[in-house]
$ cat upload-v4.cif   # mmCIF, C-alpha atoms and all ligand atoms
data_target
loop_
_atom_site.label_atom_id
_atom_site.label_comp_id
_atom_site.auth_asym_id
_atom_site.auth_seq_id
_atom_site.Cartn_x
_atom_site.Cartn_y
_atom_site.Cartn_z
CA MET A 144 -12.60 -23.24 -3.66
CA THR A 145 -10.06 -25.95 -4.39
CA GLU A 146 -8.52 -28.02 -1.59
CA ARG A 147 -5.19 -26.46 -2.51
CA VAL A 148 -6.44 -22.89 -2.00
CA ARG A 149 -8.08 -23.86 1.29
CA SER A 150 -4.84 -25.37 2.54
CA LEU A 151 -2.85 -22.26 1.50
CA ILE A 152 -5.26 -20.07 3.47
CA PHE A 153 -5.01 -22.18 6.62
CA ARG A 154 -1.25 -22.39 6.32
CA LEU A 155 -1.07 -18.60 5.98
CA GLU A 156 -3.20 -18.25 9.09
CA ARG A 157 -1.00 -20.65 11.04
CA GLU A 158 2.43 -19.55 9.88
CA GLN A 159 1.76 -15.90 8.94
CA SER A 160 3.80 -16.47 5.84
CA LEU A 161 3.80 -18.23 2.49
CA PRO A 162 6.55 -18.59 -0.09
CA GLU A 163 6.24 -15.87 -2.74
CA ARG A 164 5.08 -18.23 -5.50
CA GLU A 165 2.30 -19.46 -3.23
CA TYR A 166 1.04 -15.93 -2.68
CA ALA A 167 0.72 -15.72 -6.47
CA GLU A 168 -1.03 -19.09 -6.55
CA LEU A 169 -3.48 -17.95 -3.87
CA ILE A 170 -4.26 -14.76 -5.82
CA ARG A 171 -4.71 -16.61 -9.12
CA GLY A 172 -6.77 -19.40 -7.52
CA ARG A 173 -9.13 -17.22 -5.48
CA ASP A 174 -12.89 -17.33 -5.74
CA GLU A 175 -15.80 -16.01 -3.70
CA GLU A 176 -15.65 -18.85 -1.23
CA ALA A 177 -11.91 -18.38 -0.66
CA ALA A 178 -12.42 -14.65 -0.13
CA ALA A 179 -15.17 -15.31 2.40
CA LEU A 180 -13.00 -17.75 4.34
CA LEU A 181 -10.03 -15.38 4.32
CA ALA A 182 -12.19 -12.45 5.42
CA ARG A 183 -13.63 -14.47 8.29
CA LEU A 184 -10.18 -15.48 9.54
CA ALA A 185 -8.79 -11.96 9.07
CA SER A 186 -11.73 -10.37 10.82
CA GLU A 187 -11.30 -12.76 13.77
CA LYS A 188 -7.63 -11.84 13.88
CA ARG A 189 -8.41 -8.12 13.87
CA ARG A 190 -10.88 -8.59 16.67
CA ALA A 191 -8.41 -10.67 18.72
CA VAL A 192 -5.80 -7.89 18.52
CA PHE A 193 -7.91 -4.70 18.48
CA GLY A 194 -11.36 -5.73 19.72
CA ASN A 195 -14.12 -3.66 18.11
CA ALA A 196 -12.07 -0.47 18.04
CA VAL A 197 -11.37 1.18 14.72
CA TYR A 198 -8.66 3.83 14.79
CA THR A 199 -9.27 7.13 13.05
CA ARG A 200 -6.71 9.43 11.54
CA GLY A 201 -7.63 12.97 10.62
CA LEU A 202 -6.33 13.49 7.11
CA ILE A 203 -5.16 17.01 6.26
CA GLU A 204 -4.29 17.39 2.58
CA ILE A 205 -1.73 20.15 2.86
CA SER A 206 -0.84 20.80 -0.78
CA SER A 207 -1.77 19.80 -4.32
CA ILE A 208 1.47 21.19 -5.69
CA CYS A 209 3.92 18.46 -6.72
CA LYS A 210 7.28 18.42 -8.44
CA ASN A 211 6.89 14.77 -9.37
CA ASN A 212 5.25 13.28 -12.42
CA CYS A 213 3.96 9.84 -11.37
CA LEU A 214 2.00 8.53 -14.34
CA TYR A 215 -1.04 7.47 -12.29
CA CYS A 216 -1.50 10.56 -10.15
CA GLY A 217 -3.95 13.40 -10.79
CA ILE A 218 -1.73 16.03 -9.17
CA ARG A 219 1.33 15.13 -11.25
CA ARG A 220 3.43 18.04 -12.43
CA ASP A 221 2.36 17.82 -16.06
CA ASN A 222 -1.36 17.99 -15.32
CA ILE A 223 -1.81 21.62 -16.28
CA LEU A 224 -5.54 21.34 -15.60
CA ALA A 225 -5.05 20.46 -11.93
CA GLU A 226 -6.07 23.22 -9.53
CA ARG A 227 -3.21 23.87 -7.19
CA TYR A 228 -3.41 25.04 -3.60
CA ARG A 229 -1.23 25.05 -0.55
CA LEU A 230 -2.34 25.36 3.08
CA THR A 231 -0.43 27.79 5.27
CA PRO A 232 0.94 26.59 8.61
CA GLU A 233 -1.88 28.52 10.33
CA GLU A 234 -4.52 26.76 8.22
CA ILE A 235 -3.02 23.36 8.97
CA LEU A 236 -3.00 24.08 12.70
CA ALA A 237 -6.62 25.27 12.52
CA CYS A 238 -7.66 21.98 10.83
CA ALA A 239 -5.93 20.06 13.60
CA ASP A 240 -7.61 22.13 16.33
CA GLU A 241 -10.97 21.39 14.78
CA GLY A 242 -10.05 17.72 14.52
CA TYR A 243 -8.94 17.58 18.13
CA ALA A 244 -12.31 18.87 19.30
CA LEU A 245 -13.97 16.14 17.23
CA GLY A 246 -11.93 13.41 18.94
CA PHE A 247 -9.01 12.86 16.58
CA ARG A 248 -5.71 11.97 18.27
CA THR A 249 -3.71 11.38 15.09
CA PHE A 250 -3.20 13.87 12.30
CA VAL A 251 -1.92 12.83 8.92
CA LEU A 252 -0.33 15.62 6.91
CA GLN A 253 -0.33 14.47 3.30
CA GLY A 254 0.56 16.29 0.15
CA GLY A 255 2.41 16.48 -3.10
CA GLU A 256 6.15 17.04 -3.01
CA ASP A 257 5.80 20.79 -2.66
CA PRO A 258 9.15 22.62 -2.32
CA PHE A 259 7.48 25.25 -0.12
CA TYR A 260 7.61 22.79 2.79
CA THR A 261 11.30 22.98 3.49
CA ASP A 262 12.61 21.26 6.61
CA GLU A 263 12.40 24.55 8.42
CA VAL A 264 8.75 25.15 7.52
CA LEU A 265 7.61 21.57 8.05
CA CYS A 266 9.53 21.12 11.31
CA GLY A 267 7.90 24.32 12.55
CA ILE A 268 4.44 22.95 11.77
CA VAL A 269 5.19 19.62 13.44
CA ARG A 270 6.57 21.35 16.55
CA GLN A 271 3.56 23.61 16.89
CA LEU A 272 1.15 20.72 16.37
CA LYS A 273 2.85 18.72 19.12
CA GLU A 274 2.95 21.74 21.40
CA ARG A 275 -0.78 22.36 21.04
CA HIS A 276 -1.75 18.70 21.18
CA PRO A 277 0.93 16.76 23.07
CA ASP A 278 -1.34 13.72 23.36
CA CYS A 279 -1.61 13.39 19.57
CA ALA A 280 0.47 11.50 17.04
CA VAL A 281 1.66 13.30 13.93
CA THR A 282 1.96 11.30 10.73
CA LEU A 283 3.65 12.72 7.67
CA SER A 284 3.04 11.63 4.10
CA VAL A 285 4.91 14.07 1.92
CA GLY A 286 7.02 11.78 -0.21
CA GLU A 287 10.73 11.23 -0.68
CA ARG A 288 13.19 13.37 1.29
CA SER A 289 16.77 13.06 2.44
CA ARG A 290 17.68 11.06 5.52
CA GLU A 291 18.73 14.31 7.18
CA SER A 292 15.32 15.77 6.50
CA TYR A 293 13.53 12.70 7.93
CA GLN A 294 15.77 12.95 10.97
CA ALA A 295 15.04 16.64 11.51
CA LEU A 296 11.29 15.98 11.21
CA ARG A 297 11.53 13.11 13.65
CA GLU A 298 13.38 15.31 16.12
CA ALA A 299 10.70 17.97 15.67
CA GLY A 300 8.21 15.37 16.91
CA ALA A 301 6.81 13.47 13.92
CA ASP A 302 5.82 9.97 15.05
CA ARG A 303 4.87 8.18 11.86
CA TYR A 304 5.49 8.33 8.13
CA LEU A 305 3.48 6.93 5.27
CA LEU A 306 5.34 6.25 2.05
CA ARG A 307 3.80 3.61 -0.14
CA HIS A 308 6.44 1.58 -1.91
CA GLU A 309 3.96 1.46 -4.86
CA THR A 310 5.43 -1.79 -6.21
CA ALA A 311 8.24 -4.06 -5.04
CA ASP A 312 9.32 -4.85 -8.61
CA PRO A 313 11.83 -2.36 -10.11
CA ASP A 314 10.62 -3.07 -13.68
CA HIS A 315 7.01 -2.48 -12.72
CA TYR A 316 8.08 0.64 -10.82
CA ALA A 317 9.65 1.98 -14.02
CA LYS A 318 6.35 1.59 -15.87
CA LEU A 319 4.48 3.66 -13.28
CA HIS A 320 7.00 6.46 -12.91
CA PRO A 321 9.04 8.77 -15.13
CA ARG A 322 12.69 7.99 -15.63
CA GLU A 323 13.84 10.64 -13.16
CA MET A 324 12.23 8.75 -10.28
CA SER A 325 13.97 5.77 -8.77
CA PHE A 326 12.85 2.58 -7.12
CA ASP A 327 16.10 2.45 -5.16
CA ASN A 328 15.56 5.88 -3.68
CA ARG A 329 12.02 5.01 -2.58
CA MET A 330 13.33 1.88 -0.84
CA ARG A 331 16.17 3.92 0.71
CA CYS A 332 13.57 6.30 2.13
CA LEU A 333 11.62 3.43 3.69
CA ARG A 334 14.74 1.99 5.29
CA ASP A 335 15.80 5.39 6.63
CA LEU A 336 12.36 6.07 8.09
CA LYS A 337 12.36 2.78 9.92
CA GLU A 338 15.89 3.24 11.24
CA LEU A 339 15.01 6.71 12.51
CA GLY A 340 12.31 5.22 14.71
CA TYR A 341 9.23 6.24 12.76
CA GLN A 342 6.23 3.95 12.77
CA THR A 343 6.54 3.45 9.05
CA GLY A 344 3.86 2.67 6.50
CA CYS A 345 4.34 1.20 3.04
CA GLY A 346 1.74 0.02 0.56
CA PHE A 347 0.61 -0.11 -3.04
CA MET A 348 -2.29 0.36 -5.42
CA VAL A 349 -4.31 -2.71 -6.32
CA GLY A 350 -4.82 -3.10 -10.06
CA SER A 351 -2.27 -0.48 -11.08
CA PRO A 352 -1.45 -0.62 -14.80
CA PHE A 353 0.70 -3.61 -15.86
CA GLN A 354 0.43 -5.23 -12.39
CA THR A 355 0.45 -9.06 -12.43
CA PRO A 356 -0.38 -11.56 -9.67
CA GLU A 357 3.37 -12.16 -9.50
CA ASN A 358 3.93 -8.45 -8.82
CA LEU A 359 1.36 -8.61 -6.04
CA ALA A 360 3.05 -11.68 -4.59
CA GLY A 361 6.28 -9.65 -4.56
CA ASP A 362 4.48 -6.82 -2.78
CA LEU A 363 3.15 -9.23 -0.16
CA LYS A 364 6.59 -10.75 0.39
CA PHE A 365 8.10 -7.28 0.69
CA ILE A 366 5.50 -6.30 3.29
CA GLU A 367 6.01 -9.54 5.16
CA THR A 368 9.76 -8.99 5.44
CA PHE A 369 9.76 -5.19 5.88
CA ARG A 370 7.25 -5.50 8.72
CA PRO A 371 5.75 -2.01 8.48
CA ALA A 372 3.71 -0.61 11.37
CA MET A 373 1.11 0.48 8.82
CA CYS A 374 0.14 -0.64 5.35
CA GLY A 375 -1.95 1.40 2.92
CA ILE A 376 -3.56 -0.37 0.01
CA GLY A 377 -6.39 0.79 -2.20
CA PRO A 378 -7.57 0.25 -5.75
CA PHE A 379 -5.95 2.21 -8.56
CA VAL A 380 -8.54 4.62 -9.96
CA PRO A 381 -7.73 6.33 -13.26
CA HIS A 382 -7.60 10.10 -13.46
CA ARG A 383 -8.84 11.66 -16.70
CA ASN A 384 -5.83 13.97 -17.12
CA THR A 385 -3.06 11.38 -16.73
CA PRO A 386 -1.39 9.00 -19.18
CA PHE A 387 -3.28 6.13 -17.49
CA ARG A 388 -6.71 7.62 -18.17
CA ASP A 389 -7.81 4.63 -20.27
CA HIS A 390 -6.60 1.92 -17.91
CA ALA A 391 -9.16 -0.11 -15.98
CA PRO A 392 -9.54 0.62 -12.28
CA GLY A 393 -8.51 -1.92 -9.66
CA THR A 394 -11.36 -3.91 -8.15
CA ALA A 395 -12.78 -3.80 -4.65
CA GLU A 396 -12.87 -7.59 -4.77
CA LEU A 397 -9.09 -7.99 -5.12
CA THR A 398 -8.41 -5.15 -2.66
CA LEU A 399 -10.54 -6.83 0.01
CA PHE A 400 -8.86 -10.17 -0.64
CA LEU A 401 -5.41 -8.62 -0.19
CA LEU A 402 -6.45 -6.76 2.97
CA SER A 403 -7.34 -10.14 4.46
CA VAL A 404 -4.04 -11.69 3.38
CA ILE A 405 -2.11 -8.79 4.94
CA ARG A 406 -4.04 -9.03 8.23
CA LEU A 407 -3.17 -12.74 8.48
CA MET A 408 0.47 -12.04 7.62
CA LEU A 409 0.86 -9.17 10.12
CA PRO A 410 -1.86 -9.47 12.79
CA GLU A 411 -0.84 -6.21 14.49
CA VAL A 412 -0.43 -4.00 11.43
CA LEU A 413 -2.45 -0.79 11.17
CA LEU A 414 -4.45 -1.33 8.01
CA PRO A 415 -6.72 1.40 6.64
CA ALA A 416 -9.93 0.90 4.72
CA THR A 417 -9.07 3.65 2.24
CA THR A 418 -11.03 6.40 0.55
CA ALA A 419 -10.15 4.82 -2.82
CA LEU A 420 -11.85 1.61 -1.68
CA GLY A 421 -14.91 3.65 -0.71
CA THR A 422 -14.77 5.26 -4.14
CA VAL A 423 -14.97 2.03 -6.16
CA LEU A 424 -17.57 0.39 -3.89
CA PRO A 425 -20.36 2.27 -2.06
CA ARG A 426 -19.86 0.40 1.23
CA GLY A 427 -16.22 -0.29 0.50
CA ARG A 428 -14.84 0.95 3.80
CA GLU A 429 -17.30 -1.16 5.79
CA ALA A 430 -16.33 -4.14 3.63
CA GLY A 431 -12.68 -3.29 4.30
CA ILE A 432 -13.22 -3.58 8.05
CA LEU A 433 -15.01 -6.89 7.57
CA ALA A 434 -12.02 -8.07 5.52
CA GLY A 435 -9.55 -7.24 8.33
CA ALA A 436 -8.80 -3.49 8.10
CA ASN A 437 -8.81 -1.51 11.38
CA VAL A 438 -8.22 2.14 10.46
CA VAL A 439 -10.26 4.82 8.71
CA MET A 440 -9.03 8.26 7.67
CA PRO A 441 -11.77 10.89 7.58
CA ASN A 442 -10.93 14.08 5.77
CA LEU A 443 -10.14 17.18 7.85
CA SER A 444 -9.05 19.40 4.97
CA PRO A 445 -10.91 22.70 4.50
CA VAL A 446 -13.90 22.02 2.25
CA ARG A 447 -12.79 24.66 -0.26
CA VAL A 448 -9.68 22.62 -1.18
CA ARG A 449 -11.15 19.12 -1.01
CA LYS A 450 -11.89 18.77 -4.71
CA LYS A 451 -8.48 20.09 -5.65
CA TYR A 452 -6.62 17.26 -3.94
CA GLU A 453 -7.71 15.01 -6.75
CA LEU A 454 -5.41 12.03 -7.08
CA TYR A 455 -8.07 10.12 -9.06
CA ASP A 456 -11.52 10.68 -10.55
CA ASN A 457 -14.75 10.64 -8.50
CA LYS A 458 -13.02 10.76 -5.13
CA ILE A 459 -15.60 10.60 -2.33
CA CYS A 460 -15.84 12.80 0.80
CA THR A 461 -15.06 16.05 -1.01
CA GLY A 462 -18.21 17.94 0.00
CA GLU A 463 -18.64 17.43 3.73
CA GLU A 464 -17.31 19.37 6.67
CA SER A 465 -14.93 17.53 8.99
CA ALA A 466 -17.59 16.86 11.61
CA GLN A 467 -19.90 15.36 8.99
CA CYS A 468 -17.07 13.16 7.71
CA ARG A 469 -16.44 11.81 11.17
CA ASP A 470 -20.14 11.26 11.89
CA CYS A 471 -20.62 9.50 8.60
CA LEU A 472 -17.75 7.13 9.31
CA ARG A 473 -18.91 6.58 12.88
CA GLN A 474 -22.28 5.38 11.56
CA ARG A 475 -20.67 3.25 8.91
CA MET A 476 -18.40 1.60 11.48
CA ARG A 477 -21.31 1.08 13.85
CA SER A 478 -23.11 -0.79 11.05
CA VAL A 479 -20.32 -3.38 11.11
CA GLY A 480 -20.16 -3.62 14.91
CA CYS A 481 -17.22 -1.27 15.47
CA PHE A 482 -16.66 2.05 17.22
CA LEU A 483 -14.21 4.89 16.54
CA ALA A 484 -11.51 4.98 19.22
CA VAL A 485 -10.49 8.37 20.68
CA ASP A 486 -6.88 7.30 20.93
CA ARG A 487 -3.55 7.79 19.18
CA GLY A 488 -3.87 4.22 18.01
CA ASP A 489 -0.22 3.24 18.02
CA ALA A 490 0.77 -0.09 16.60
CA PRO A 491 0.95 -2.62 19.47
CA GLY A 492 4.51 -2.73 20.77
CA TYR A 493 5.22 0.94 20.07
CA THR A 494 5.12 3.24 23.07
CA SER A 495 4.21 6.88 22.65
CA ALA A 496 7.33 7.90 24.55
CA LYS A 497 9.73 6.36 22.07
CA LYS A 498 12.30 8.97 21.04
CA PRO A 499 14.42 9.05 17.93
CA GLU A 500 17.49 6.87 18.24
N1 LIG B 601 3.42 12.60 -2.35
C1 LIG B 601 3.21 11.62 -1.31
C2 LIG B 601 1.76 11.28 -1.12
C3 LIG B 601 1.20 10.59 -2.31
S1 LIG B 601 -0.54 10.45 -2.38
C4 LIG B 601 4.04 10.40 -1.62
O1 LIG B 601 4.72 10.38 -2.64
O2 LIG B 601 4.06 9.46 -0.83
C5 LIG B 601 -0.77 8.93 -1.54
C6 LIG B 601 -0.97 7.70 -2.40
O3 LIG B 601 -2.08 7.84 -3.26
C7 LIG B 601 0.15 7.36 -3.34
O4 LIG B 601 1.21 6.76 -2.66
C8 LIG B 601 -0.53 6.42 -4.35
O5 LIG B 601 -0.35 5.06 -3.99
C9 LIG B 601 -2.01 6.82 -4.20
N2 LIG B 601 -2.53 7.26 -5.52
C10 LIG B 601 -2.01 8.18 -6.35
N3 LIG B 601 -2.71 8.23 -7.51
C11 LIG B 601 -3.69 7.30 -7.40
C12 LIG B 601 -4.72 6.84 -8.27
N4 LIG B 601 -4.87 7.34 -9.51
N5 LIG B 601 -5.55 5.88 -7.82
C13 LIG B 601 -5.41 5.37 -6.58
N6 LIG B 601 -4.45 5.74 -5.73
C14 LIG B 601 -3.59 6.70 -6.12
#
$ encode --input "upload-v4.cif" --output "structure tokens" --more "lines below"
Ligand code: SAH
Amino acid sequence: MTERVRSLIFRLEREQSLPEREYAELIRGRDEEAAALLARLASEKRRAVFGNAVYTRGLIEISSICKNNCLYCGIRRDNILAERYRLTPEEILACADEGYALGFRTFVLQGGEDPFYTDEVLCGIVRQLKERHPDCAVTLSVGERSRESYQALREAGADRYLLRHETADPDHYAKLHPREMSFDNRMRCLRDLKELGYQTGCGFMVGSPFQTPENLAGDLKFIETFRPAMCGIGPFVPHRNTPFRDHAPGTAELTLFLLSVIRLMLPEVLLPATTALGTVLPRGREAGILAGANVVMPNLSPVRVRKKYELYDNKICTGEESAQCRDCLRQRMRSVGCFLAVDRGDAPGYTSAKKPE
């Protein structure tokens, strides 16, 4: 590692910020030694804020039906080979009941942009979830909606919302999405979510097609200024039935490096070690924790639909029952000195009682 890279890392640790061009310099100048130093500092930071607790979120993949056509995504509209399914409200509630018994106190409802889930339907699901499990947080991850819709869902009881910004550069955004999708609308959604009092998550894929270190520096600067409660990053993994089938996947190495940078930038952020990271590296999620991540998201979807929620090829965790998924992650976390917290796992500074403004 050069002296310059070492000094950037220590400055980042001290000031929790670097100028954008220096983020790019850090990314371009990184080597194994720099990654090890960053991971050590990030891991110490995670431990100082969260101790050895790793938060778990029970992921319920509610639908593989999507009206969008994102070029990277396996459930894009034009993928006629994708197997489509949709969980009924009853099925979603049953997944959550099972998850509750296993110790989950946060449920993440994620899916394609499926028109079936109107405000009325989705608000009903959120209300019933909160009624049955008032001590749980409900996180939604169902894409771009109107401000009114986000407000109605918030009033129905949704606590958090995950909407990756995907890239902070409008030109890069246009290369990853069809013309009918807009960077400005995605950013509008993120602003609305935050204003409505959601614990909001943004994020991006590492190694997405056409991504440069300068793009990544822009993503880091966006995250630093947006100050999300959560940040989801994972490697891009090509899907065989998408236009990006022949693009190289993102690396675990760069993903881990960026997890560490983000932990130093935002010590309190909720940072998952994602399934995609576990897909490109066998002990990827453990490595993610050691690089500064503090959240894992075991799958609670019914096993019969698991393979159909196929955003990318070779996705892991598609065969096991929910209990097995949780046990497997518990063991993996234990192997890196951590335990799974039975807790909502709010971002520090957020109180569970906070109501929509
Ligand atoms: N429809 C919702 C949920 C999208 S799926 C939404 O628009 O927010 C959640 C995330 O999976 C996406 O935001 C994207 O960053 C990621 N993803 C999609 N395709 C992927 C791929 N091929 N490789 C890795 N991650 C992918």
$ closest_atom_pairs --input "upload-v4.cif" --of "chain A" --to "ligand LIG 601 (chain B)" --cutoff "6 Å" --atoms "only C-alpha atoms and all ligand atoms" --output "CSV"
residue,atom,partner,partner_atom,distance
A:Tyr215,CA,B:LIG601,N4,4.7
A:Cys216,CA,B:LIG601,N3,3.7
A:Gln253,CA,B:LIG601,C2,5.8
A:Gly254,CA,B:LIG601,N1,5.3
A:Gly255,CA,B:LIG601,N1,4.1
A:Glu256,CA,B:LIG601,N1,5.3
A:Ser284,CA,B:LIG601,C2,5.4
A:Val285,CA,B:LIG601,C1,4.4
A:Gly286,CA,B:LIG601,C4,3.6
A:Leu306,CA,B:LIG601,O2,4.5
A:Arg307,CA,B:LIG601,O4,4.8
A:Glu309,CA,B:LIG601,O5,5.7
A:Phe347,CA,B:LIG601,O5,5.3
A:Met348,CA,B:LIG601,O5,5.3
A:Pro378,CA,B:LIG601,C13,5.6
A:Phe379,CA,B:LIG601,N5,3.8
A:Val380,CA,B:LIG601,N5,3.9
A:Pro381,CA,B:LIG601,N4,4.8
A:His382,CA,B:LIG601,N4,5.5
A:Leu454,CA,B:LIG601,N3,4.7
A:Tyr455,CA,B:LIG601,N4,4.3
$ residues_around --input "upload-v4.cif" --residues "stretch 149-163 of chain A" --least-positions-apart "6" --cutoff "7 Å" --atoms "only C-alpha atoms" --output "VMD selection string"
chain A and resid 169 177 181 360 to 361 364 407 to 409
$ closest_residue --input "upload-v4.cif" --among "A:Leu420, A:Ala436, A:Leu296, A:Leu397" --to "A:Arg270" --atoms "all atoms listed in the file"
A:Leu296
$ atom_distance --input "upload-v4.cif" --atom1 "atom CA of A:Asp389" --atom2 "atom CA of A:Asp456"
12.0 Å
$ closest_residue --input "upload-v4.cif" --among "A:Arg219, A:Arg189, A:Arg229, A:Arg147" --to "A:Val448" --atoms "only C-alpha atoms"
A:Arg229
$ residues_around --input "upload-v4.cif" --residues "stretch 257-268 of chain A" --least-positions-apart "2" --cutoff "9 Å" --atoms "all atoms listed in the file" --output "compact mmCIF listing (two decimals) with C-alpha atoms, keeping the file's coordinate frame"
# COMPACT_ATOMS: atom_id res chain seq x y z
CA SER A 206 -0.84 20.80 -0.78
CA SER A 207 -1.77 19.80 -4.32
CA ILE A 208 1.47 21.19 -5.69
CA CYS A 209 3.92 18.46 -6.72
CA LYS A 210 7.28 18.42 -8.44
CA ARG A 229 -1.23 25.05 -0.55
CA PRO A 232 0.94 26.59 8.61
CA GLU A 233 -1.88 28.52 10.33
CA ILE A 235 -3.02 23.36 8.97
CA LEU A 236 -3.00 24.08 12.70
CA GLY A 254 0.56 16.29 0.15
CA GLY A 255 2.41 16.48 -3.10
CA ARG A 270 6.57 21.35 16.55
CA GLN A 271 3.56 23.61 16.89
CA LEU A 272 1.15 20.72 16.37
CA LYS A 273 2.85 18.72 19.12
CA VAL A 285 4.91 14.07 1.92
CA SER A 292 15.32 15.77 6.50
CA TYR A 293 13.53 12.70 7.93
CA ALA A 295 15.04 16.64 11.51
CA LEU A 296 11.29 15.98 11.21
CA ARG A 297 11.53 13.11 13.65
CA GLU A 298 13.38 15.31 16.12
CA ALA A 299 10.70 17.97 15.67
CA GLY A 300 8.21 15.37 16.91
CA ALA A 301 6.81 13.47 13.92
$ atom_distance --input "upload-v4.cif" --atom1 "atom CA of A:Pro392" --atom2 "atom CA of A:Ser465"
27.7 Å
$ residues_around --input "upload-v4.cif" --residues "A:Gly435" --least-positions-apart "5" --cutoff "6 Å" --atoms "only C-alpha atoms" --output "PyMOL selection string"
chain A and resi 185-186+189+403+406
$ atom_distance --input "upload-v4.cif" --atom1 "atom CA of A:Leu359" --atom2 "atom CA of A:Gly431"
18.2 Å
$ closest_residue --input "upload-v4.cif" --among "A:Thr282, A:Gln342, A:Gln354, A:Asn442" --to "A:Lys318" --atoms "only C-alpha atoms"
A:Gln354
$ residues_near_point --input "upload-v4.cif" --point "(-14.4, 26.0, -1.1)" --cutoff "12 Å" --atoms "only C-alpha atoms" --output "PyMOL selection string"
chain A and resi 228+444-451+461-464
$ closest_residue --input "upload-v4.cif" --among "A:Ala466, A:Ala391, A:Leu433, A:Val439" --to "A:Leu414" --atoms "only C-alpha atoms"
A:Val439
